[in-house]
>>> print(open('structure.cif').read())   # mmCIF, C-alpha atoms
data_model
loop_
_atom_site.label_atom_id
_atom_site.label_comp_id
_atom_site.auth_asym_id
_atom_site.auth_seq_id
_atom_site.Cartn_x
_atom_site.Cartn_y
_atom_site.Cartn_z
CA MET A 4 25.48 -12.45 51.63
CA GLU A 5 22.74 -11.67 49.15
CA ASN A 6 25.18 -9.67 47.01
CA LEU A 7 27.64 -12.57 47.06
CA ASP A 8 24.91 -15.02 46.03
CA PHE A 9 23.88 -12.70 43.21
CA LEU A 10 27.45 -12.40 41.96
CA GLU A 11 27.92 -16.16 42.14
CA ASN A 12 24.74 -16.80 40.16
CA PHE A 13 25.75 -14.14 37.64
CA LYS A 14 29.13 -15.82 37.16
CA ILE A 15 27.42 -19.17 36.61
CA ILE A 16 25.13 -17.65 33.96
CA LEU A 17 28.08 -16.03 32.17
CA LEU A 18 29.98 -19.32 32.27
CA GLU A 19 27.04 -21.21 30.77
CA ILE A 20 26.65 -18.60 28.01
CA GLN A 21 30.35 -18.94 27.24
CA GLU A 22 30.13 -22.74 27.12
CA ALA A 23 27.06 -22.62 24.87
CA PHE A 24 28.84 -20.19 22.53
CA PHE A 25 31.89 -22.45 22.26
CA LEU A 26 29.60 -25.43 21.62
CA PHE A 27 28.00 -23.56 18.71
CA TRP A 28 31.41 -22.49 17.40
CA LYS A 29 32.73 -26.07 17.45
CA ALA A 30 29.57 -27.33 15.72
CA VAL A 31 29.83 -24.75 12.92
CA ARG A 32 33.61 -25.14 12.60
CA ASN A 33 33.16 -28.86 11.91
CA VAL A 34 30.87 -28.36 8.92
CA LEU A 35 33.61 -28.34 6.27
CA SER A 36 35.92 -30.91 7.87
CA LYS A 37 35.87 -34.67 7.31
CA PRO A 38 34.20 -37.02 8.02
CA PHE A 39 30.85 -35.74 6.72
CA TYR A 40 27.85 -37.26 8.50
CA PHE A 41 25.47 -36.52 5.65
CA ASP A 42 23.08 -39.34 6.56
CA ASP A 43 22.72 -37.93 10.06
CA LEU A 44 21.90 -34.50 8.63
CA VAL A 45 19.21 -35.95 6.36
CA GLU A 46 17.76 -37.91 9.28
CA GLN A 47 17.63 -34.77 11.43
CA LEU A 48 16.07 -32.74 8.62
CA GLU A 49 13.34 -35.34 8.28
CA SER A 50 12.73 -35.48 12.01
CA ILE A 51 13.06 -31.76 12.71
CA GLY A 52 11.69 -30.23 9.50
CA LEU A 53 9.05 -32.60 8.16
CA GLY A 54 8.09 -33.67 11.66
CA SER A 55 7.21 -30.08 12.56
CA LEU A 56 5.26 -29.33 9.39
CA ILE A 57 1.80 -30.36 10.62
CA VAL A 58 2.15 -28.36 13.83
CA ILE A 59 3.30 -25.30 11.90
CA LEU A 60 0.48 -25.59 9.35
CA LEU A 61 -2.27 -25.89 11.94
CA THR A 62 -0.88 -23.13 14.15
CA SER A 63 -0.41 -20.64 11.31
CA LEU A 64 -3.78 -21.50 9.78
CA PHE A 65 -5.74 -20.59 12.89
CA THR A 66 -3.47 -17.73 13.94
CA GLY A 67 -3.90 -15.94 10.61
CA ALA A 68 -7.66 -16.40 10.74
CA VAL A 69 -7.98 -15.18 14.33
CA PHE A 70 -5.71 -12.20 13.69
CA ALA A 71 -7.70 -11.17 10.61
CA PHE A 72 -10.99 -11.58 12.49
CA GLN A 73 -9.81 -9.29 15.30
CA ILE A 74 -8.49 -6.65 12.90
CA LEU A 75 -11.72 -6.75 10.88
CA SER A 76 -13.76 -5.82 13.95
CA VAL A 77 -11.91 -2.49 14.01
CA SER A 78 -11.43 -2.02 10.26
CA LYS A 79 -15.17 -2.21 9.55
CA GLN A 80 -15.80 0.72 11.91
CA TYR A 81 -13.37 2.96 10.01
CA GLY A 82 -13.99 1.64 6.50
CA THR A 83 -10.43 0.38 6.03
CA THR A 84 -11.14 -3.24 5.17
CA ASN A 85 -9.40 -2.80 1.79
CA THR A 86 -6.08 -2.67 3.62
CA MET A 87 -6.52 -6.06 5.30
CA GLY A 88 -3.99 -7.72 3.03
CA GLN A 89 -1.37 -5.12 3.93
CA VAL A 90 -2.00 -5.33 7.67
CA VAL A 91 -2.05 -9.13 7.89
CA SER A 92 0.95 -9.71 5.63
CA PHE A 93 3.09 -6.97 7.17
CA THR A 94 2.42 -8.17 10.72
CA MET A 95 2.87 -11.87 9.98
CA ILE A 96 6.02 -11.54 7.87
CA ARG A 97 7.87 -9.07 10.06
CA GLU A 98 6.72 -10.12 13.53
CA LEU A 99 4.21 -12.86 14.29
CA GLY A 100 5.34 -15.37 11.67
CA PRO A 101 8.98 -15.78 12.80
CA VAL A 102 8.12 -15.66 16.51
CA LEU A 103 5.17 -18.05 16.22
CA ALA A 104 7.14 -20.56 14.15
CA ALA A 105 10.10 -20.34 16.54
CA LEU A 106 7.98 -20.92 19.64
CA MET A 107 6.28 -23.96 18.08
CA PHE A 108 9.67 -25.16 16.88
CA SER A 109 11.13 -24.73 20.35
CA GLY A 110 8.32 -26.67 21.99
CA ARG A 111 8.63 -29.62 19.65
CA VAL A 112 12.21 -29.69 18.37
CA GLY A 113 14.03 -28.11 21.31
CA SER A 114 12.49 -30.53 23.77
CA GLY A 115 13.18 -33.47 21.45
CA ILE A 116 16.85 -32.61 21.00
CA ALA A 117 17.41 -32.05 24.72
CA SER A 118 15.71 -35.30 25.74
CA GLU A 119 17.48 -37.32 23.03
CA LEU A 120 20.94 -36.03 23.89
CA GLY A 121 20.17 -36.28 27.59
CA GLY A 122 19.28 -39.93 27.14
CA MET A 123 22.57 -40.51 25.32
CA VAL A 124 24.50 -38.89 28.15
CA ILE A 125 22.73 -40.91 30.84
CA SER A 126 23.16 -44.18 28.93
CA GLN A 127 26.86 -43.30 28.39
CA GLN A 128 26.59 -43.34 24.59
CA VAL A 129 28.43 -40.01 24.44
CA ASP A 130 31.25 -41.46 26.56
CA ALA A 131 31.38 -44.45 24.21
CA LEU A 132 31.85 -42.13 21.22
CA ARG A 133 34.68 -40.38 23.03
CA SER A 134 36.39 -43.67 23.87
CA LEU A 135 36.23 -44.67 20.19
CA GLY A 136 37.96 -41.43 19.21
CA THR A 137 34.85 -40.01 17.51
CA ASP A 138 34.21 -36.28 17.69
CA TYR A 139 30.84 -36.40 19.42
CA ILE A 140 30.16 -32.72 18.66
CA LYS A 141 30.57 -33.31 14.93
CA LYS A 142 28.52 -36.52 15.10
CA LEU A 143 25.69 -35.37 17.38
CA ILE A 144 25.60 -31.57 17.55
CA THR A 145 26.58 -30.37 14.07
CA PRO A 146 23.78 -32.25 12.20
CA ARG A 147 21.15 -30.98 14.64
CA VAL A 148 22.32 -27.36 14.49
CA LEU A 149 22.48 -27.44 10.67
CA ALA A 150 19.06 -29.07 10.44
CA CYS A 151 17.57 -26.31 12.61
CA LEU A 152 19.28 -23.61 10.53
CA ILE A 153 17.80 -25.09 7.36
CA ALA A 154 14.37 -26.09 8.64
CA LEU A 155 13.24 -23.09 10.69
CA PRO A 156 13.58 -20.44 7.93
CA LEU A 157 11.61 -22.70 5.58
CA LEU A 158 8.96 -23.32 8.22
CA THR A 159 8.80 -19.58 8.89
CA GLY A 160 8.11 -18.96 5.20
CA ILE A 161 5.33 -21.56 5.31
CA THR A 162 3.92 -19.89 8.43
CA ASP A 163 3.84 -16.52 6.67
CA LEU A 164 2.14 -17.87 3.53
CA VAL A 165 -0.47 -19.99 5.32
CA SER A 166 -1.36 -17.30 7.85
CA ILE A 167 -1.77 -14.66 5.10
CA TRP A 168 -3.92 -17.06 3.11
CA SER A 169 -6.11 -17.92 6.11
CA GLY A 170 -6.39 -14.18 6.79
CA TRP A 171 -7.85 -13.76 3.31
CA VAL A 172 -10.29 -16.63 3.88
CA MET A 173 -11.53 -14.99 7.08
CA THR A 174 -11.75 -11.61 5.32
CA TRP A 175 -13.74 -13.15 2.48
CA LEU A 176 -16.09 -14.95 4.88
CA THR A 177 -16.62 -11.83 7.01
CA VAL A 178 -16.83 -8.91 4.56
CA HIS A 179 -16.86 -10.82 1.22
CA GLN A 180 -13.68 -9.12 0.06
CA SER A 181 -12.49 -10.39 -3.31
CA TYR A 182 -9.29 -12.31 -3.85
CA HIS A 183 -7.97 -9.57 -6.14
CA ILE A 184 -8.36 -6.69 -3.64
CA TYR A 185 -6.77 -8.60 -0.76
CA TRP A 186 -3.76 -9.93 -2.63
CA MET A 187 -3.14 -6.67 -4.50
CA SER A 188 -2.92 -5.02 -1.08
CA VAL A 189 -0.35 -7.64 -0.08
CA LYS A 190 1.64 -7.24 -3.31
CA ASP A 191 1.68 -3.43 -3.24
CA HIS A 192 2.97 -3.04 0.30
CA ILE A 193 5.36 -5.96 0.94
CA VAL A 194 8.89 -5.28 -0.26
CA LEU A 195 11.96 -7.50 -0.45
CA HIS A 196 13.62 -6.28 2.73
CA ASP A 197 10.56 -7.39 4.72
CA LEU A 198 11.37 -10.95 3.63
CA TYR A 199 15.02 -10.46 4.61
CA TYR A 200 13.77 -9.21 7.98
CA SER A 201 11.79 -12.40 8.54
CA PHE A 202 14.62 -14.64 7.31
CA PHE A 203 17.20 -13.01 9.58
CA LYS A 204 14.95 -13.47 12.61
CA ALA A 205 14.37 -17.12 11.73
CA ILE A 206 18.12 -17.78 11.46
CA THR A 207 18.76 -16.12 14.83
CA PHE A 208 15.96 -18.06 16.52
CA ALA A 209 17.24 -21.33 14.99
CA ILE A 210 20.67 -20.72 16.51
CA LEU A 211 19.20 -19.94 19.93
CA ILE A 212 16.91 -22.98 19.94
CA SER A 213 19.44 -25.52 18.65
CA VAL A 214 22.34 -24.38 20.85
CA THR A 215 20.17 -24.15 23.98
CA ALA A 216 18.66 -27.60 23.41
CA CYS A 217 22.02 -29.24 22.63
CA TYR A 218 23.74 -27.59 25.59
CA GLN A 219 21.00 -28.56 28.04
CA GLY A 220 20.97 -32.11 26.70
CA LEU A 221 24.73 -32.57 27.06
CA LYS A 222 24.80 -31.28 30.66
CA THR A 223 22.11 -33.74 31.79
CA THR A 224 22.72 -35.47 35.11
CA GLY A 225 20.63 -37.47 37.55
CA GLY A 226 19.04 -40.21 35.47
CA THR A 227 15.56 -39.98 33.97
CA ARG A 228 14.59 -37.12 36.27
CA GLY A 229 17.55 -35.17 34.94
CA ILE A 230 16.34 -35.74 31.37
CA GLY A 231 13.01 -34.20 32.28
CA LYS A 232 14.72 -31.19 33.85
CA SER A 233 16.97 -30.70 30.83
CA THR A 234 13.99 -30.86 28.48
CA THR A 235 12.02 -28.34 30.52
CA HIS A 236 15.00 -25.99 30.79
CA ALA A 237 15.63 -26.20 27.04
CA VAL A 238 12.06 -25.19 26.17
CA VAL A 239 11.73 -22.48 28.81
CA ILE A 240 15.12 -20.87 28.19
CA SER A 241 14.83 -20.92 24.41
CA SER A 242 11.28 -19.50 24.55
CA VAL A 243 12.42 -16.63 26.79
CA LEU A 244 15.41 -16.02 24.51
CA ILE A 245 13.14 -15.89 21.47
CA ILE A 246 10.85 -13.27 23.01
CA ALA A 247 13.73 -11.20 24.41
CA SER A 248 15.86 -11.33 21.26
CA ASP A 249 12.84 -10.49 19.11
CA PHE A 250 12.60 -7.12 20.86
CA PHE A 251 16.25 -6.27 20.25
CA LEU A 252 16.18 -7.60 16.69
CA THR A 253 13.09 -5.53 15.92
CA LYS A 254 14.67 -2.37 17.29
CA GLY A 255 18.02 -3.03 15.62
CA ILE A 256 16.68 -3.98 12.20
CA SER A 257 14.21 -1.10 12.28
CA PHE A 258 17.06 1.32 12.96
CA PHE A 259 19.16 -0.21 10.19
CA THR A 260 16.20 -0.15 7.76
CA HIS A 261 15.66 3.57 8.34
CA LEU A 262 19.33 4.24 7.68
CA THR A 263 19.39 2.13 4.53
CA PHE A 264 16.02 2.83 2.97
#
>>> encode(input="structure.cif", output="structure tokens")
Amino acid sequence: MENLDFLENFKIILLEIQEAFFLFWKAVRNVLSKPFYFDDLVEQLESIGLGSLIVILLTSLFTGAVFAFQILSVSKQYGTTNTMGQVVSFTMIRELGPVLAALMFSGRVGSGIASELGGMVISQQVDALRSLGTDYIKKLITPRVLACLIALPLLTGITDLVSIWSGWVMTWLTVHQSYHIYWMSVKDHIVLHDLYYSFFKAITFAILISVTACYQGLKTTGGTRGIGKSTTHAVVISSVLIIASDFFLTKGISFFTHLTF
């Protein structure tokens, strides 16, 4: 019986992954076809991108400072404080920056998308669009997916810059390291493919967050309680996917980098 239950649950998970994939495919396929809901895209960019800016700024500001403070406690013992710029920038650009931005993005944007779409499903607005002959995926899903794909890489870049800057501020306050030494360390050790690395992760996380949130929102049932469940599932699932995919992306890109460079 336990084996049967496991197989049944496994089939359900595979089915949901398949449905989420087809939802993403339909959303992307609709990008170049008419009608173009440009106003909806701009509205989502404002809500998703600009609306997340303050959270991203505050989070990256304190994360960079805390990270630099912890590293300094070890660097001072070994006399390697001159490499602080390298350590902070390398870690934030390749690892912490994309993951941190994605997790904050998931908590704010993923929950918002799921609850908004869930409310539309419960209030039968999605059914109304269908009855009018409107492609609800193109109208509701495509603008949100595109907005996430545009906003998250930009927010990740802001996270990297602000966290590296706050790392310098903490380094200057702690060991009085000059601006020139810190930023020369950053400049000398960060190469272009590190930025590609960060950008690729941000794009992948944006896909996972947007598709998970949209899928959970559209499958909402059970009234207002169902909206709450869909919102919770969207945040939890996308957060787990971010952490899990980060491991495989890191291993895969590292292997590819060694082959290429």
>>> resolve_selection(input="structure.cif", expression="the PyMOL selection byres ((chain A and resi 116) around 9)", output="ChimeraX atom specification")
/A:111-115,117-121,147,213,216-217,220,234,237
>>> atom_distance(input="structure.cif", atom1="CA of Tyr185 (chain A)", atom2="CA of Asn85 (chain A)")
6.9 Å
>>> resolve_selection(input="structure.cif", expression="the PyMOL selection byres ((chain A and resi 203-208) around 10)", output="short mmCIF file (atom, residue, chain, number, x, y, z; two decimals) with C-alpha atoms, in the frame of the given file")
data_model
loop_
_atom_site.label_atom_id
_atom_site.label_comp_id
_atom_site.auth_asym_id
_atom_site.auth_seq_id
_atom_site.Cartn_x
_atom_site.Cartn_y
_atom_site.Cartn_z
CA ARG A 97 7.87 -9.07 10.06
CA GLU A 98 6.72 -10.12 13.53
CA GLY A 100 5.34 -15.37 11.67
CA PRO A 101 8.98 -15.78 12.80
CA VAL A 102 8.12 -15.66 16.51
CA ALA A 104 7.14 -20.56 14.15
CA ALA A 105 10.10 -20.34 16.54
CA LEU A 106 7.98 -20.92 19.64
CA PHE A 108 9.67 -25.16 16.88
CA SER A 109 11.13 -24.73 20.35
CA CYS A 151 17.57 -26.31 12.61
CA LEU A 152 19.28 -23.61 10.53
CA ILE A 153 17.80 -25.09 7.36
CA ALA A 154 14.37 -26.09 8.64
CA LEU A 155 13.24 -23.09 10.69
CA PRO A 156 13.58 -20.44 7.93
CA LEU A 157 11.61 -22.70 5.58
CA LEU A 158 8.96 -23.32 8.22
CA THR A 159 8.80 -19.58 8.89
CA GLY A 160 8.11 -18.96 5.20
CA ASP A 197 10.56 -7.39 4.72
CA LEU A 198 11.37 -10.95 3.63
CA TYR A 199 15.02 -10.46 4.61
CA TYR A 200 13.77 -9.21 7.98
CA SER A 201 11.79 -12.40 8.54
CA PHE A 202 14.62 -14.64 7.31
CA ALA A 209 17.24 -21.33 14.99
CA ILE A 210 20.67 -20.72 16.51
CA LEU A 211 19.20 -19.94 19.93
CA ILE A 212 16.91 -22.98 19.94
CA SER A 213 19.44 -25.52 18.65
CA VAL A 214 22.34 -24.38 20.85
CA SER A 241 14.83 -20.92 24.41
CA SER A 242 11.28 -19.50 24.55
CA LEU A 244 15.41 -16.02 24.51
CA ILE A 245 13.14 -15.89 21.47
CA ILE A 246 10.85 -13.27 23.01
CA SER A 248 15.86 -11.33 21.26
CA ASP A 249 12.84 -10.49 19.11
CA LEU A 252 16.18 -7.60 16.69
CA THR A 253 13.09 -5.53 15.92
CA ILE A 256 16.68 -3.98 12.20
#
>>> resolve_selection(input="structure.cif", expression="the PyMOL selection byres ((chain A and resi 140-144) around 7)", output="ChimeraX atom specification")
/A:30,33,40,138-139,145-148,217
>>> atom_distance(input="structure.cif", atom1="CA of Asp163 (chain A)", atom2="CA of Ile240 (chain A)")
24.7 Å
